[in-house]
file start-v4.txt (compact mmCIF, C-alpha atoms)
# COMPACT_ATOMS: atom_id res chain seq x y z
CA MET X 1 137.71 239.00 90.76
CA PRO X 2 135.13 241.75 90.08
CA GLU X 3 132.35 242.55 92.55
CA ARG X 4 128.85 242.33 91.09
CA SER X 5 125.25 242.71 92.24
CA MET X 6 122.91 239.76 91.72
CA ILE X 7 121.26 241.63 88.83
CA GLU X 8 124.62 242.10 87.11
CA ALA X 9 125.63 238.48 87.73
CA ILE X 10 122.42 237.09 86.22
CA ASN X 11 122.78 239.42 83.22
CA GLU X 12 126.30 238.07 82.69
CA ALA X 13 125.07 234.48 82.93
CA LEU X 14 122.33 235.12 80.37
CA ASP X 15 124.82 236.81 78.04
CA ILE X 16 127.16 233.80 78.25
CA ALA X 17 124.31 231.31 77.84
CA LEU X 18 123.13 233.10 74.68
CA GLU X 19 126.48 232.38 73.04
CA ASP X 20 124.95 228.93 72.42
CA PRO X 21 122.67 229.28 69.38
CA ALA X 22 120.24 226.77 70.94
CA VAL X 23 119.51 229.16 73.82
CA VAL X 24 116.77 231.78 73.59
CA LEU X 25 115.36 234.11 76.25
CA LEU X 26 111.65 234.87 76.13
CA GLY X 27 109.21 236.75 78.32
CA GLU X 28 107.33 239.97 78.85
CA ASP X 29 109.55 243.04 78.34
CA VAL X 30 112.81 241.03 78.31
CA GLY X 31 113.91 242.57 75.01
CA ALA X 32 113.61 246.25 74.19
CA THR X 33 112.97 247.25 77.80
CA GLY X 34 115.62 244.95 79.25
CA GLY X 35 113.26 243.32 81.72
CA VAL X 36 111.06 244.73 84.46
CA PHE X 37 114.11 244.85 86.76
CA ARG X 38 116.62 245.39 83.88
CA VAL X 39 118.02 241.87 84.33
CA SER X 40 118.23 241.38 80.56
CA ASP X 41 119.37 244.91 79.78
CA GLY X 42 121.30 245.12 76.51
CA LEU X 43 120.88 241.46 75.55
CA GLN X 44 118.40 241.96 72.71
CA GLN X 45 120.62 244.64 71.22
CA LYS X 46 123.58 242.22 71.34
CA HIS X 47 121.96 238.91 70.41
CA GLY X 48 118.96 240.02 68.31
CA ALA X 49 115.20 240.06 68.63
CA ASP X 50 114.89 236.46 67.42
CA ARG X 51 117.03 235.27 70.39
CA VAL X 52 115.77 237.65 73.11
CA ILE X 53 112.06 237.59 72.44
CA ASP X 54 109.42 239.98 73.75
CA THR X 55 106.20 238.03 74.23
CA PRO X 56 102.56 238.97 74.77
CA VAL X 57 101.31 239.19 78.37
CA ALA X 58 100.35 235.51 78.44
CA GLU X 59 102.33 233.35 80.89
CA SER X 60 100.70 230.12 79.76
CA GLY X 61 101.78 230.93 76.21
CA ILE X 62 105.35 231.74 77.32
CA ILE X 63 105.74 228.39 79.11
CA GLY X 64 103.98 226.51 76.31
CA ALA X 65 106.18 228.04 73.62
CA ALA X 66 109.33 227.36 75.65
CA TYR X 67 108.22 223.77 76.21
CA GLY X 68 107.75 223.23 72.48
CA MET X 69 111.20 224.67 71.77
CA ALA X 70 112.77 222.48 74.47
CA ILE X 71 111.40 219.16 73.24
CA ALA X 72 112.51 220.17 69.74
CA GLY X 73 116.13 220.48 70.87
CA MET X 74 116.50 224.11 71.93
CA ARG X 75 117.33 225.40 75.43
CA PRO X 76 114.85 228.19 76.15
CA ILE X 77 114.96 230.42 79.22
CA ALA X 78 111.44 231.62 80.06
CA GLU X 79 111.00 234.60 82.39
CA MET X 80 108.01 235.05 84.71
CA GLN X 81 108.15 238.62 85.97
CA PHE X 82 106.76 237.81 89.43
CA MET X 83 105.84 234.62 91.31
CA GLY X 84 102.21 235.70 91.42
CA PHE X 85 102.19 235.98 87.61
CA SER X 86 103.51 232.45 87.12
CA TYR X 87 100.28 230.70 88.10
CA PRO X 88 98.60 231.00 84.67
CA GLY X 89 101.58 229.03 83.31
CA TYR X 90 101.48 226.47 86.13
CA ASP X 91 99.18 224.11 84.24
CA GLN X 92 101.72 223.91 81.41
CA VAL X 93 104.48 223.20 83.96
CA ILE X 94 102.72 220.50 85.97
CA SER X 95 100.83 218.88 83.07
CA HIS X 96 103.54 218.88 80.41
CA VAL X 97 106.98 220.35 81.23
CA ALA X 98 107.67 218.26 84.32
CA ARG X 99 106.22 215.03 82.87
CA ILE X 100 107.70 214.74 79.41
CA ARG X 101 110.69 212.57 80.39
CA ASN X 102 108.46 210.07 82.20
CA ARG X 103 105.62 210.31 79.69
CA SER X 104 107.90 209.61 76.72
CA ARG X 105 109.95 206.97 78.56
CA HIS X 106 113.06 209.16 78.18
CA ARG X 107 112.66 209.70 74.44
CA PHE X 108 112.06 213.42 75.05
CA THR X 109 113.21 215.85 77.73
CA ALA X 110 112.53 219.54 78.33
CA PRO X 111 115.90 221.23 78.91
CA MET X 112 114.46 224.63 79.82
CA VAL X 113 114.86 227.16 82.61
CA ILE X 114 111.90 228.99 84.14
CA ARG X 115 113.17 232.13 85.84
CA ILE X 116 110.77 233.50 88.46
CA THR X 117 111.32 236.48 90.73
CA TYR X 118 109.88 235.94 94.18
CA GLY X 119 109.53 237.39 97.64
CA ALA X 120 108.66 240.61 99.40
CA GLY X 121 110.72 243.50 100.68
CA ILE X 122 110.51 246.11 97.93
CA GLY X 123 107.06 247.50 98.66
CA ALA X 124 105.46 246.04 95.55
CA ALA X 125 101.78 245.57 94.80
CA GLU X 126 99.66 242.42 95.21
CA HIS X 127 100.84 239.36 93.21
CA HIS X 128 104.37 240.85 93.19
CA SER X 129 105.65 239.62 96.58
CA GLU X 130 104.74 235.97 96.90
CA SER X 131 107.00 233.12 97.95
CA ALA X 132 105.35 229.95 96.70
CA GLU X 133 108.40 227.76 96.07
CA THR X 134 106.69 224.78 97.65
CA ILE X 135 104.19 224.38 94.81
CA TYR X 136 107.08 223.91 92.39
CA ALA X 137 109.16 221.78 94.78
CA HIS X 138 106.21 219.38 95.07
CA ILE X 139 106.15 218.52 91.35
CA PRO X 140 108.21 215.43 90.39
CA GLY X 141 110.39 216.15 87.37
CA LEU X 142 111.42 219.68 88.33
CA LYS X 143 114.56 220.97 89.96
CA VAL X 144 114.14 224.15 92.04
CA VAL X 145 117.13 226.43 92.62
CA VAL X 146 117.34 229.53 94.87
CA PRO X 147 120.60 231.52 94.95
CA SER X 148 121.47 233.99 97.70
CA THR X 149 124.72 235.47 96.38
CA ALA X 150 125.68 237.04 93.08
CA GLY X 151 128.39 234.44 92.50
CA ASP X 152 125.98 231.58 93.05
CA ALA X 153 123.30 233.24 90.91
CA LYS X 154 125.62 233.26 87.89
CA GLY X 155 127.04 229.76 88.43
CA LEU X 156 123.72 228.12 89.27
CA LEU X 157 121.93 229.76 86.33
CA LEU X 158 124.54 228.46 83.89
CA ALA X 159 124.25 225.01 85.50
CA ALA X 160 120.47 225.22 85.07
CA VAL X 161 120.85 226.06 81.37
CA ASP X 162 123.13 223.03 80.95
CA ASP X 163 120.72 220.71 82.78
CA PRO X 164 118.97 218.12 80.59
CA ASP X 165 115.68 218.61 82.47
CA PRO X 166 113.53 221.62 83.48
CA VAL X 167 114.83 223.85 86.25
CA VAL X 168 112.80 226.49 88.11
CA PHE X 169 115.25 229.25 88.95
CA LEU X 170 113.94 231.49 91.73
CA GLU X 171 115.41 234.99 92.00
CA PRO X 172 114.92 236.80 95.34
CA ILE X 173 113.79 240.31 94.42
CA ARG X 174 114.99 241.76 97.70
CA LEU X 175 118.56 240.66 97.03
CA TYR X 176 118.75 241.84 93.41
CA ARG X 177 120.61 245.01 94.33
CA ALA X 178 121.05 244.47 98.09
CA VAL X 179 123.95 242.02 97.86
CA LYS X 180 127.28 242.38 96.11
CA ASP X 181 130.06 239.84 96.13
CA ASP X 182 132.93 238.53 94.09
CA VAL X 183 131.83 236.96 90.81
CA PRO X 184 134.34 235.03 88.68
CA GLU X 185 134.62 236.27 85.11
CA GLY X 186 133.70 234.05 82.19
CA ARG X 187 131.81 230.80 82.21
CA TYR X 188 131.62 228.61 85.33
CA THR X 189 128.94 226.54 86.99
CA VAL X 190 127.88 225.85 90.57
CA PRO X 191 126.52 222.29 90.88
CA ILE X 192 122.79 222.01 91.56
CA GLY X 193 122.00 220.09 94.73
CA VAL X 194 125.02 221.09 96.82
CA ALA X 195 124.40 223.27 99.89
CA ARG X 196 126.93 225.82 101.19
CA VAL X 197 128.07 226.34 104.75
CA ALA X 198 128.09 230.14 104.77
CA ARG X 199 129.27 230.44 108.37
CA GLU X 200 130.77 227.99 110.84
CA GLY X 201 129.49 227.78 114.42
CA GLY X 202 129.10 225.24 117.20
CA ASP X 203 126.02 226.29 119.17
CA VAL X 204 123.08 226.24 116.74
CA THR X 205 122.51 225.75 112.99
CA LEU X 206 120.48 228.27 110.99
CA VAL X 207 119.18 226.77 107.72
CA ALA X 208 117.93 229.21 105.09
CA TYR X 209 117.81 229.93 101.37
CA GLY X 210 117.40 232.83 98.97
CA SER X 211 116.11 236.04 100.51
CA MET X 212 116.39 234.70 104.07
CA MET X 213 120.14 234.13 103.90
CA LYS X 214 120.95 237.83 104.35
CA ASP X 215 118.78 238.04 107.48
CA SER X 216 120.12 234.76 108.84
CA LEU X 217 123.70 235.99 108.54
CA ILE X 218 122.75 239.24 110.30
CA ALA X 219 121.12 237.15 113.04
CA ALA X 220 124.29 235.07 113.37
CA GLU X 221 126.30 238.27 113.88
CA LYS X 222 123.87 239.43 116.57
CA LEU X 223 124.11 236.05 118.32
CA ALA X 224 127.91 236.16 118.12
CA ALA X 225 127.86 239.50 119.92
CA GLU X 226 126.21 237.65 122.82
CA GLY X 227 128.69 234.79 122.73
CA ILE X 228 126.51 232.37 120.74
CA GLU X 229 128.16 230.91 117.63
CA ALA X 230 125.64 230.01 114.92
CA ALA X 231 126.44 227.97 111.84
CA VAL X 232 124.53 229.13 108.74
CA VAL X 233 123.74 226.70 105.92
CA ASP X 234 122.62 228.08 102.55
CA VAL X 235 120.40 225.40 101.00
CA ARG X 236 120.95 226.80 97.46
CA SER X 237 118.63 224.27 95.80
CA ILE X 238 115.52 222.92 97.47
CA VAL X 239 115.12 220.17 94.85
CA PRO X 240 117.34 218.24 94.98
CA LEU X 241 118.00 218.97 98.66
CA ASP X 242 121.50 218.45 100.06
CA ILE X 243 120.24 217.04 103.34
CA ASP X 244 123.64 215.54 104.19
CA THR X 245 125.26 218.97 104.61
CA ILE X 246 122.32 220.21 106.71
CA VAL X 247 122.28 217.13 108.92
CA GLY X 248 126.05 217.21 109.31
CA SER X 249 125.86 220.71 110.76
CA VAL X 250 122.88 219.90 112.99
CA ARG X 251 124.60 216.81 114.39
CA ALA X 252 127.54 219.04 115.35
CA THR X 253 125.46 221.77 117.02
CA GLY X 254 122.49 219.74 118.31
CA ARG X 255 120.09 222.59 117.54
CA ALA X 256 118.42 223.90 114.39
CA VAL X 257 116.36 226.87 113.21
CA VAL X 258 114.90 226.66 109.68
CA VAL X 259 114.02 229.98 108.05
CA GLN X 260 111.73 230.65 105.08
CA GLU X 261 109.90 233.72 103.79
CA ALA X 262 106.89 231.71 102.60
CA PRO X 263 103.74 231.18 104.71
CA ARG X 264 104.23 228.71 107.55
CA THR X 265 101.70 225.96 106.84
CA ALA X 266 103.07 223.24 104.52
CA GLY X 267 106.04 225.43 103.61
CA TYR X 268 109.38 223.99 102.53
CA ALA X 269 110.81 224.59 106.02
CA ALA X 270 108.50 221.83 107.25
CA GLU X 271 110.10 219.40 104.78
CA ILE X 272 113.59 220.30 106.00
CA VAL X 273 112.48 219.91 109.63
CA ALA X 274 111.00 216.48 108.86
CA GLN X 275 114.19 215.27 107.17
CA ILE X 276 116.36 216.50 110.06
CA GLN X 277 114.08 214.61 112.46
CA GLU X 278 114.39 211.44 110.40
CA ARG X 279 118.18 211.54 110.24
CA ALA X 280 119.43 213.38 113.32
CA MET X 281 116.80 213.06 116.03
CA TYR X 282 119.19 211.49 118.53
CA SER X 283 121.65 214.40 118.05
CA LEU X 284 119.05 217.05 118.87
CA GLU X 285 119.29 218.89 122.19
CA ALA X 286 116.07 220.88 121.62
CA PRO X 287 113.00 220.93 119.36
CA ILE X 288 113.67 222.37 115.89
CA GLU X 289 112.38 225.93 115.44
CA ARG X 290 110.79 227.38 112.29
CA VAL X 291 110.83 231.10 111.46
CA THR X 292 108.48 231.84 108.54
CA GLY X 293 106.09 234.29 106.98
CA TRP X 294 102.50 234.20 108.18
CA ASP X 295 99.55 232.33 106.68
CA ILE X 296 98.18 235.44 105.00
CA VAL X 297 98.47 237.27 101.70
CA VAL X 298 101.67 239.34 101.80
CA PRO X 299 100.58 242.80 103.00
CA LEU X 300 101.31 245.95 101.06
CA ARG X 301 104.15 248.37 101.79
CA ARG X 302 102.99 249.78 105.14
CA ALA X 303 102.81 246.39 106.91
CA GLU X 304 105.24 244.37 104.80
CA HIS X 305 107.97 244.51 107.46
CA LEU X 306 105.64 242.72 109.87
CA TYR X 307 105.36 239.78 107.45
CA VAL X 308 108.95 239.12 106.37
CA PRO X 309 110.99 237.19 109.00
CA SER X 310 113.45 239.55 110.63
CA PRO X 311 116.90 238.91 112.14
CA GLU X 312 115.33 239.58 115.54
CA ARG X 313 112.80 236.75 115.08
CA ILE X 314 115.61 234.43 114.01
CA VAL X 315 117.70 235.42 117.05
CA SER X 316 114.76 234.75 119.36
CA ALA X 317 114.18 231.31 117.83
CA ALA X 318 117.86 230.42 118.18
CA LYS X 319 117.82 231.42 121.84
CA ARG X 320 114.73 229.28 122.45
CA THR X 321 116.65 226.23 121.22
CA LEU X 322 119.43 227.03 123.69
CA THR X 323 117.09 227.27 126.66
CA ALA X 324 114.66 224.46 125.83

call {"tool": "encode", "arguments": {"input": "start-v4.txt", "output": "structure tokens"}}
result
Amino acid sequence: MPERSMIEAINEALDIALEDPAVVLLGEDVGATGGVFRVSDGLQQKHGADRVIDTPVAESGIIGAAYGMAIAGMRPIAEMQFMGFSYPGYDQVISHVARIRNRSRHRFTAPMVIRITYGAGIGAAEHHSESAETIYAHIPGLKVVVPSTAGDAKGLLLAAVDDPDPVVFLEPIRLYRAVKDDVPEGRYTVPIGVARVAREGGDVTLVAYGSMMKDSLIAAEKLAAEGIEAAVVDVRSIVPLDIDTIVGSVRATGRAVVVQEAPRTAGYAAEIVAQIQERAMYSLEAPIERVTGWDIVVPLRRAEHLYVPSPERIVSAAKRTLTA
């Protein structure tokens, strides 16, 4: 099984998806340039400019065009270069894309994927480092997927393309080239809505997704060096949320730390904490901890490391649950 970076795995998934003539990829610079991060490198040359489409710098137009294609029977994949650039297209998403199944009483659906890069950690400029997954998770009618490994990125993206309804596919910028793992060759899918236990442990459960998985696994190694065994659950998709796997681990350990890169207030970690409380309160040995970004605009390069949750902050939170 070949080892691939997340960038390479997503490129493979797009290449396979484009074998279906109903699939098109559209976005700014996805064609001739191969994408701002080279995710779609070589795809326009292979599949043609009418299948891998360079668009104007107009996110609302990209989502609107993809929506029209989707309700007409195609399966478009729309790329938003950065989370902070996706907001001009948000009105199309919340007002039309997410509602069409309900609005048409199931006569129409929008089988489209909206790929959005998100998160900090590469020293990018303003609007390039945001983690606003909650605003998409809050919209009924959307699924929201966040891979943390190359193998999952390929399998989840192909599952998203197959989905009969719109899927927001969030790609953690920081992991694009920072993780490599075994990626099966050819076509396969990873089911949306199924979490992964990335590490077993009996003392505390760390719950994370996307960019925060790498740091949570590092934190688990640091805790293990001190004799504390942490289970790590990779949420994989925040809508639908596999709360059963999360609760199963928390019931076994009695302690939980939920980690997100997004700002703290009203972040998705709060939703996970609430659902653990509802289902596993009598198994808890300590209050649930949250490790998050801060309620500020993501700072630029010089102070970025002070914003992004670190393994040390996760370790400290885990220890607090053990001494509470």

call {"tool": "residues_around", "arguments": {"input": "start-v4.txt", "residues": "segment 289-305 of chain X", "least_positions_apart": "3", "cutoff": "9 Å", "atoms": "only C-alpha atoms", "output": "PDB file with C-alpha atoms, in the frame of the given file"}}
result
ATOM      1  CA  ALA X 120     108.660 240.610  99.400  1.00  0.00           C
ATOM      2  CA  GLY X 121     110.720 243.500 100.680  1.00  0.00           C
ATOM      3  CA  ILE X 122     110.510 246.110  97.930  1.00  0.00           C
ATOM      4  CA  GLY X 123     107.060 247.500  98.660  1.00  0.00           C
ATOM      5  CA  ALA X 124     105.460 246.040  95.550  1.00  0.00           C
ATOM      6  CA  ALA X 125     101.780 245.570  94.800  1.00  0.00           C
ATOM      7  CA  GLU X 126      99.660 242.420  95.210  1.00  0.00           C
ATOM      8  CA  HIS X 127     100.840 239.360  93.210  1.00  0.00           C
ATOM      9  CA  SER X 129     105.650 239.620  96.580  1.00  0.00           C
ATOM     10  CA  GLU X 130     104.740 235.970  96.900  1.00  0.00           C
ATOM     11  CA  ARG X 255     120.090 222.590 117.540  1.00  0.00           C
ATOM     12  CA  ALA X 256     118.420 223.900 114.390  1.00  0.00           C
ATOM     13  CA  VAL X 257     116.360 226.870 113.210  1.00  0.00           C
ATOM     14  CA  VAL X 258     114.900 226.660 109.680  1.00  0.00           C
ATOM     15  CA  VAL X 259     114.020 229.980 108.050  1.00  0.00           C
ATOM     16  CA  GLN X 260     111.730 230.650 105.080  1.00  0.00           C
ATOM     17  CA  GLU X 261     109.900 233.720 103.790  1.00  0.00           C
ATOM     18  CA  ALA X 262     106.890 231.710 102.600  1.00  0.00           C
ATOM     19  CA  PRO X 263     103.740 231.180 104.710  1.00  0.00           C
ATOM     20  CA  ARG X 264     104.230 228.710 107.550  1.00  0.00           C
ATOM     21  CA  THR X 265     101.700 225.960 106.840  1.00  0.00           C
ATOM     22  CA  GLY X 267     106.040 225.430 103.610  1.00  0.00           C
ATOM     23  CA  ALA X 269     110.810 224.590 106.020  1.00  0.00           C
ATOM     24  CA  ALA X 270     108.500 221.830 107.250  1.00  0.00           C
ATOM     25  CA  VAL X 273     112.480 219.910 109.630  1.00  0.00           C
ATOM     26  CA  ALA X 286     116.070 220.880 121.620  1.00  0.00           C
ATOM     27  CA  VAL X 308     108.950 239.120 106.370  1.00  0.00           C
ATOM     28  CA  PRO X 309     110.990 237.190 109.000  1.00  0.00           C
ATOM     29  CA  SER X 310     113.450 239.550 110.630  1.00  0.00           C
ATOM     30  CA  ARG X 313     112.800 236.750 115.080  1.00  0.00           C
ATOM     31  CA  ILE X 314     115.610 234.430 114.010  1.00  0.00           C
ATOM     32  CA  ALA X 317     114.180 231.310 117.830  1.00  0.00           C
ATOM     33  CA  ALA X 318     117.860 230.420 118.180  1.00  0.00           C
ATOM     34  CA  ARG X 320     114.730 229.280 122.450  1.00  0.00           C
ATOM     35  CA  THR X 321     116.650 226.230 121.220  1.00  0.00           C
TER      36      THR X 321
END

call {"tool": "residues_around", "arguments": {"input": "start-v4.txt", "residues": "segment 192-207 of chain X", "least_positions_apart": "5", "cutoff": "9 Å", "atoms": "all atoms listed in the file", "output": "ChimeraX atom specification"}}
result
/X:143-145,156,159-160,213,216-217,220,228-246,249-250,252-260,269,272,314,318-319,321-322

call {"tool": "write_last_selection", "arguments": {"input": "start-v4.txt", "atoms": "C-alpha atoms", "output": "PDB file, in the coordinates of the input"}}
result
ATOM      1  CA  LYS X 143     114.560 220.970  89.960  1.00  0.00           C
ATOM      2  CA  VAL X 144     114.140 224.150  92.040  1.00  0.00           C
ATOM      3  CA  VAL X 145     117.130 226.430  92.620  1.00  0.00           C
ATOM      4  CA  LEU X 156     123.720 228.120  89.270  1.00  0.00           C
ATOM      5  CA  ALA X 159     124.250 225.010  85.500  1.00  0.00           C
ATOM      6  CA  ALA X 160     120.470 225.220  85.070  1.00  0.00           C
ATOM      7  CA  MET X 213     120.140 234.130 103.900  1.00  0.00           C
ATOM      8  CA  SER X 216     120.120 234.760 108.840  1.00  0.00           C
ATOM      9  CA  LEU X 217     123.700 235.990 108.540  1.00  0.00           C
ATOM     10  CA  ALA X 220     124.290 235.070 113.370  1.00  0.00           C
ATOM     11  CA  ILE X 228     126.510 232.370 120.740  1.00  0.00           C
ATOM     12  CA  GLU X 229     128.160 230.910 117.630  1.00  0.00           C
ATOM     13  CA  ALA X 230     125.640 230.010 114.920  1.00  0.00           C
ATOM     14  CA  ALA X 231     126.440 227.970 111.840  1.00  0.00           C
ATOM     15  CA  VAL X 232     124.530 229.130 108.740  1.00  0.00           C
ATOM     16  CA  VAL X 233     123.740 226.700 105.920  1.00  0.00           C
ATOM     17  CA  ASP X 234     122.620 228.080 102.550  1.00  0.00           C
ATOM     18  CA  VAL X 235     120.400 225.400 101.000  1.00  0.00           C
ATOM     19  CA  ARG X 236     120.950 226.800  97.460  1.00  0.00           C
ATOM     20  CA  SER X 237     118.630 224.270  95.800  1.00  0.00           C
ATOM     21  CA  ILE X 238     115.520 222.920  97.470  1.00  0.00           C
ATOM     22  CA  VAL X 239     115.120 220.170  94.850  1.00  0.00           C
ATOM     23  CA  PRO X 240     117.340 218.240  94.980  1.00  0.00           C
ATOM     24  CA  LEU X 241     118.000 218.970  98.660  1.00  0.00           C
ATOM     25  CA  ASP X 242     121.500 218.450 100.060  1.00  0.00           C
ATOM     26  CA  ILE X 243     120.240 217.040 103.340  1.00  0.00           C
ATOM     27  CA  ASP X 244     123.640 215.540 104.190  1.00  0.00           C
ATOM     28  CA  THR X 245     125.260 218.970 104.610  1.00  0.00           C
ATOM     29  CA  ILE X 246     122.320 220.210 106.710  1.00  0.00           C
ATOM     30  CA  SER X 249     125.860 220.710 110.760  1.00  0.00           C
ATOM     31  CA  VAL X 250     122.880 219.900 112.990  1.00  0.00           C
ATOM     32  CA  ALA X 252     127.540 219.040 115.350  1.00  0.00           C
ATOM     33  CA  THR X 253     125.460 221.770 117.020  1.00  0.00           C
ATOM     34  CA  GLY X 254     122.490 219.740 118.310  1.00  0.00           C
ATOM     35  CA  ARG X 255     120.090 222.590 117.540  1.00  0.00           C
ATOM     36  CA  ALA X 256     118.420 223.900 114.390  1.00  0.00           C
ATOM     37  CA  VAL X 257     116.360 226.870 113.210  1.00  0.00           C
ATOM     38  CA  VAL X 258     114.900 226.660 109.680  1.00  0.00           C
ATOM     39  CA  VAL X 259     114.020 229.980 108.050  1.00  0.00           C
ATOM     40  CA  GLN X 260     111.730 230.650 105.080  1.00  0.00           C
ATOM     41  CA  ALA X 269     110.810 224.590 106.020  1.00  0.00           C
ATOM     42  CA  ILE X 272     113.590 220.300 106.000  1.00  0.00           C
ATOM     43  CA  ILE X 314     115.610 234.430 114.010  1.00  0.00           C
ATOM     44  CA  ALA X 318     117.860 230.420 118.180  1.00  0.00           C
ATOM     45  CA  LYS X 319     117.820 231.420 121.840  1.00  0.00           C
ATOM     46  CA  THR X 321     116.650 226.230 121.220  1.00  0.00           C
ATOM     47  CA  LEU X 322     119.430 227.030 123.690  1.00  0.00           C
TER      48      LEU X 322
END

call {"tool": "residues_around", "arguments": {"input": "start-v4.txt", "residues": "segment 164-173 of chain X", "least_positions_apart": "2", "cutoff": "9 Å", "atoms": "all atoms listed in the file", "output": "MDAnalysis selection string"}}
result
chainID X and resid 6 37 82:83 97:98 101 109:122 129 133 136:137 141:148 153 156:157 160:162 175:177 210:211

call {"tool": "residues_around", "arguments": {"input": "start-v4.txt", "residues": "segment 28-32 of chain X", "least_positions_apart": "2", "cutoff": "6 Å", "atoms": "all atoms listed in the file", "output": "JSON, numbers by chain"}}
result
{"X": [34, 35, 40, 44, 52, 53, 54, 55]}

call {"tool": "residues_near_point", "arguments": {"input": "start-v4.txt", "point": "(103.4, 230.7, 84.8)", "cutoff": "12 Å", "atoms": "only C-alpha atoms", "output": "VMD selection string"}}
result
chain X and resid 27 to 28 57 to 66 78 to 94 97 114 to 117 135 to 136 168

call {"tool": "write_last_selection", "arguments": {"input": "start-v4.txt", "atoms": "C-alpha atoms", "output": "short mmCIF file (atom, residue, chain, number, x, y, z; two decimals), in the coordinates of the input"}}
result
data_model
loop_
_atom_site.label_atom_id
_atom_site.label_comp_id
_atom_site.auth_asym_id
_atom_site.auth_seq_id
_atom_site.Cartn_x
_atom_site.Cartn_y
_atom_site.Cartn_z
CA GLY X 27 109.21 236.75 78.32
CA GLU X 28 107.33 239.97 78.85
CA VAL X 57 101.31 239.19 78.37
CA ALA X 58 100.35 235.51 78.44
CA GLU X 59 102.33 233.35 80.89
CA SER X 60 100.70 230.12 79.76
CA GLY X 61 101.78 230.93 76.21
CA ILE X 62 105.35 231.74 77.32
CA ILE X 63 105.74 228.39 79.11
CA GLY X 64 103.98 226.51 76.31
CA ALA X 65 106.18 228.04 73.62
CA ALA X 66 109.33 227.36 75.65
CA ALA X 78 111.44 231.62 80.06
CA GLU X 79 111.00 234.60 82.39
CA MET X 80 108.01 235.05 84.71
CA GLN X 81 108.15 238.62 85.97
CA PHE X 82 106.76 237.81 89.43
CA MET X 83 105.84 234.62 91.31
CA GLY X 84 102.21 235.70 91.42
CA PHE X 85 102.19 235.98 87.61
CA SER X 86 103.51 232.45 87.12
CA TYR X 87 100.28 230.70 88.10
CA PRO X 88 98.60 231.00 84.67
CA GLY X 89 101.58 229.03 83.31
CA TYR X 90 101.48 226.47 86.13
CA ASP X 91 99.18 224.11 84.24
CA GLN X 92 101.72 223.91 81.41
CA VAL X 93 104.48 223.20 83.96
CA ILE X 94 102.72 220.50 85.97
CA VAL X 97 106.98 220.35 81.23
CA ILE X 114 111.90 228.99 84.14
CA ARG X 115 113.17 232.13 85.84
CA ILE X 116 110.77 233.50 88.46
CA THR X 117 111.32 236.48 90.73
CA ILE X 135 104.19 224.38 94.81
CA TYR X 136 107.08 223.91 92.39
CA VAL X 168 112.80 226.49 88.11
#

call {"tool": "atom_distance", "arguments": {"input": "start-v4.txt", "atom1": "atom CA of Ser5 of chain X", "atom2": "atom CA of Arg75 of chain X"}}
result
25.4 Å

call {"tool": "atom_distance", "arguments": {"input": "start-v4.txt", "atom1": "atom CA of Gly155 of chain X", "atom2": "atom CA of Leu14 of chain X"}}
result
10.8 Å

call {"tool": "atom_distance", "arguments": {"input": "start-v4.txt", "atom1": "atom CA of Glu3 of chain X", "atom2": "atom CA of Arg51 of chain X"}}
result
27.9 Å

call {"tool": "closest_residue", "arguments": {"input": "start-v4.txt", "among": "X:Ala132, X:Leu26, X:His47, X:Ala150", "to": "Ile77 of chain X", "atoms": "all atoms listed in the file"}}
result
X:Leu26

call {"tool": "closest_residue", "arguments": {"input": "start-v4.txt", "among": "X:Asp215, X:Glu221, X:Glu12, X:Glu226", "to": "Val39 of chain X", "atoms": "all atoms listed in the file"}}
result
X:Glu12

call {"tool": "closest_residue", "arguments": {"input": "start-v4.txt", "among": "X:Leu43, X:Arg103, X:Ile139, X:Asp20", "to": "Pro76 of chain X", "atoms": "only C-alpha atoms"}}
result
X:Asp20

call {"tool": "decode", "arguments": {"input": "start-v4.txt", "residues": "segment 219-243 of chain X", "atoms": "C-alpha atoms", "output": "PDB file, in the first residue's frame"}}
result
ATOM      1  CA  ALA X 219      -0.214  14.844  23.551  1.00  0.00           C
ATOM      2  CA  ALA X 220      -1.214  11.206  24.070  1.00  0.00           C
ATOM      3  CA  GLU X 221       2.417  10.156  23.582  1.00  0.00           C
ATOM      4  CA  LYS X 222       3.563  12.753  26.129  1.00  0.00           C
ATOM      5  CA  LEU X 223       0.947  11.530  28.621  1.00  0.00           C
ATOM      6  CA  ALA X 224       2.004   7.914  28.034  1.00  0.00           C
ATOM      7  CA  ALA X 225       5.569   8.854  28.949  1.00  0.00           C
ATOM      8  CA  GLU X 226       4.181   9.847  32.356  1.00  0.00           C
ATOM      9  CA  GLY X 227       2.151   6.675  32.740  1.00  0.00           C
ATOM     10  CA  ILE X 228      -1.196   8.137  31.628  1.00  0.00           C
ATOM     11  CA  GLU X 229      -2.930   6.227  28.827  1.00  0.00           C
ATOM     12  CA  ALA X 230      -5.145   8.457  26.689  1.00  0.00           C
ATOM     13  CA  ALA X 231      -7.636   7.193  24.142  1.00  0.00           C
ATOM     14  CA  VAL X 232      -7.883   9.428  21.056  1.00  0.00           C
ATOM     15  CA  VAL X 233     -11.093   9.583  19.011  1.00  0.00           C
ATOM     16  CA  ASP X 234     -11.001  11.126  15.533  1.00  0.00           C
ATOM     17  CA  VAL X 235     -14.479  12.547  14.907  1.00  0.00           C
ATOM     18  CA  ARG X 236     -13.967  12.495  11.096  1.00  0.00           C
ATOM     19  CA  SER X 237     -17.365  14.055  10.351  1.00  0.00           C
ATOM     20  CA  ILE X 238     -19.000  16.617  12.589  1.00  0.00           C
ATOM     21  CA  VAL X 239     -22.347  16.304  10.782  1.00  0.00           C
ATOM     22  CA  PRO X 240     -23.517  13.627  11.173  1.00  0.00           C
ATOM     23  CA  LEU X 241     -21.696  13.105  14.471  1.00  0.00           C
ATOM     24  CA  ASP X 242     -20.891   9.566  15.612  1.00  0.00           C
ATOM     25  CA  ILE X 243     -21.662  10.294  19.248  1.00  0.00           C
TER      26      ILE X 243
END
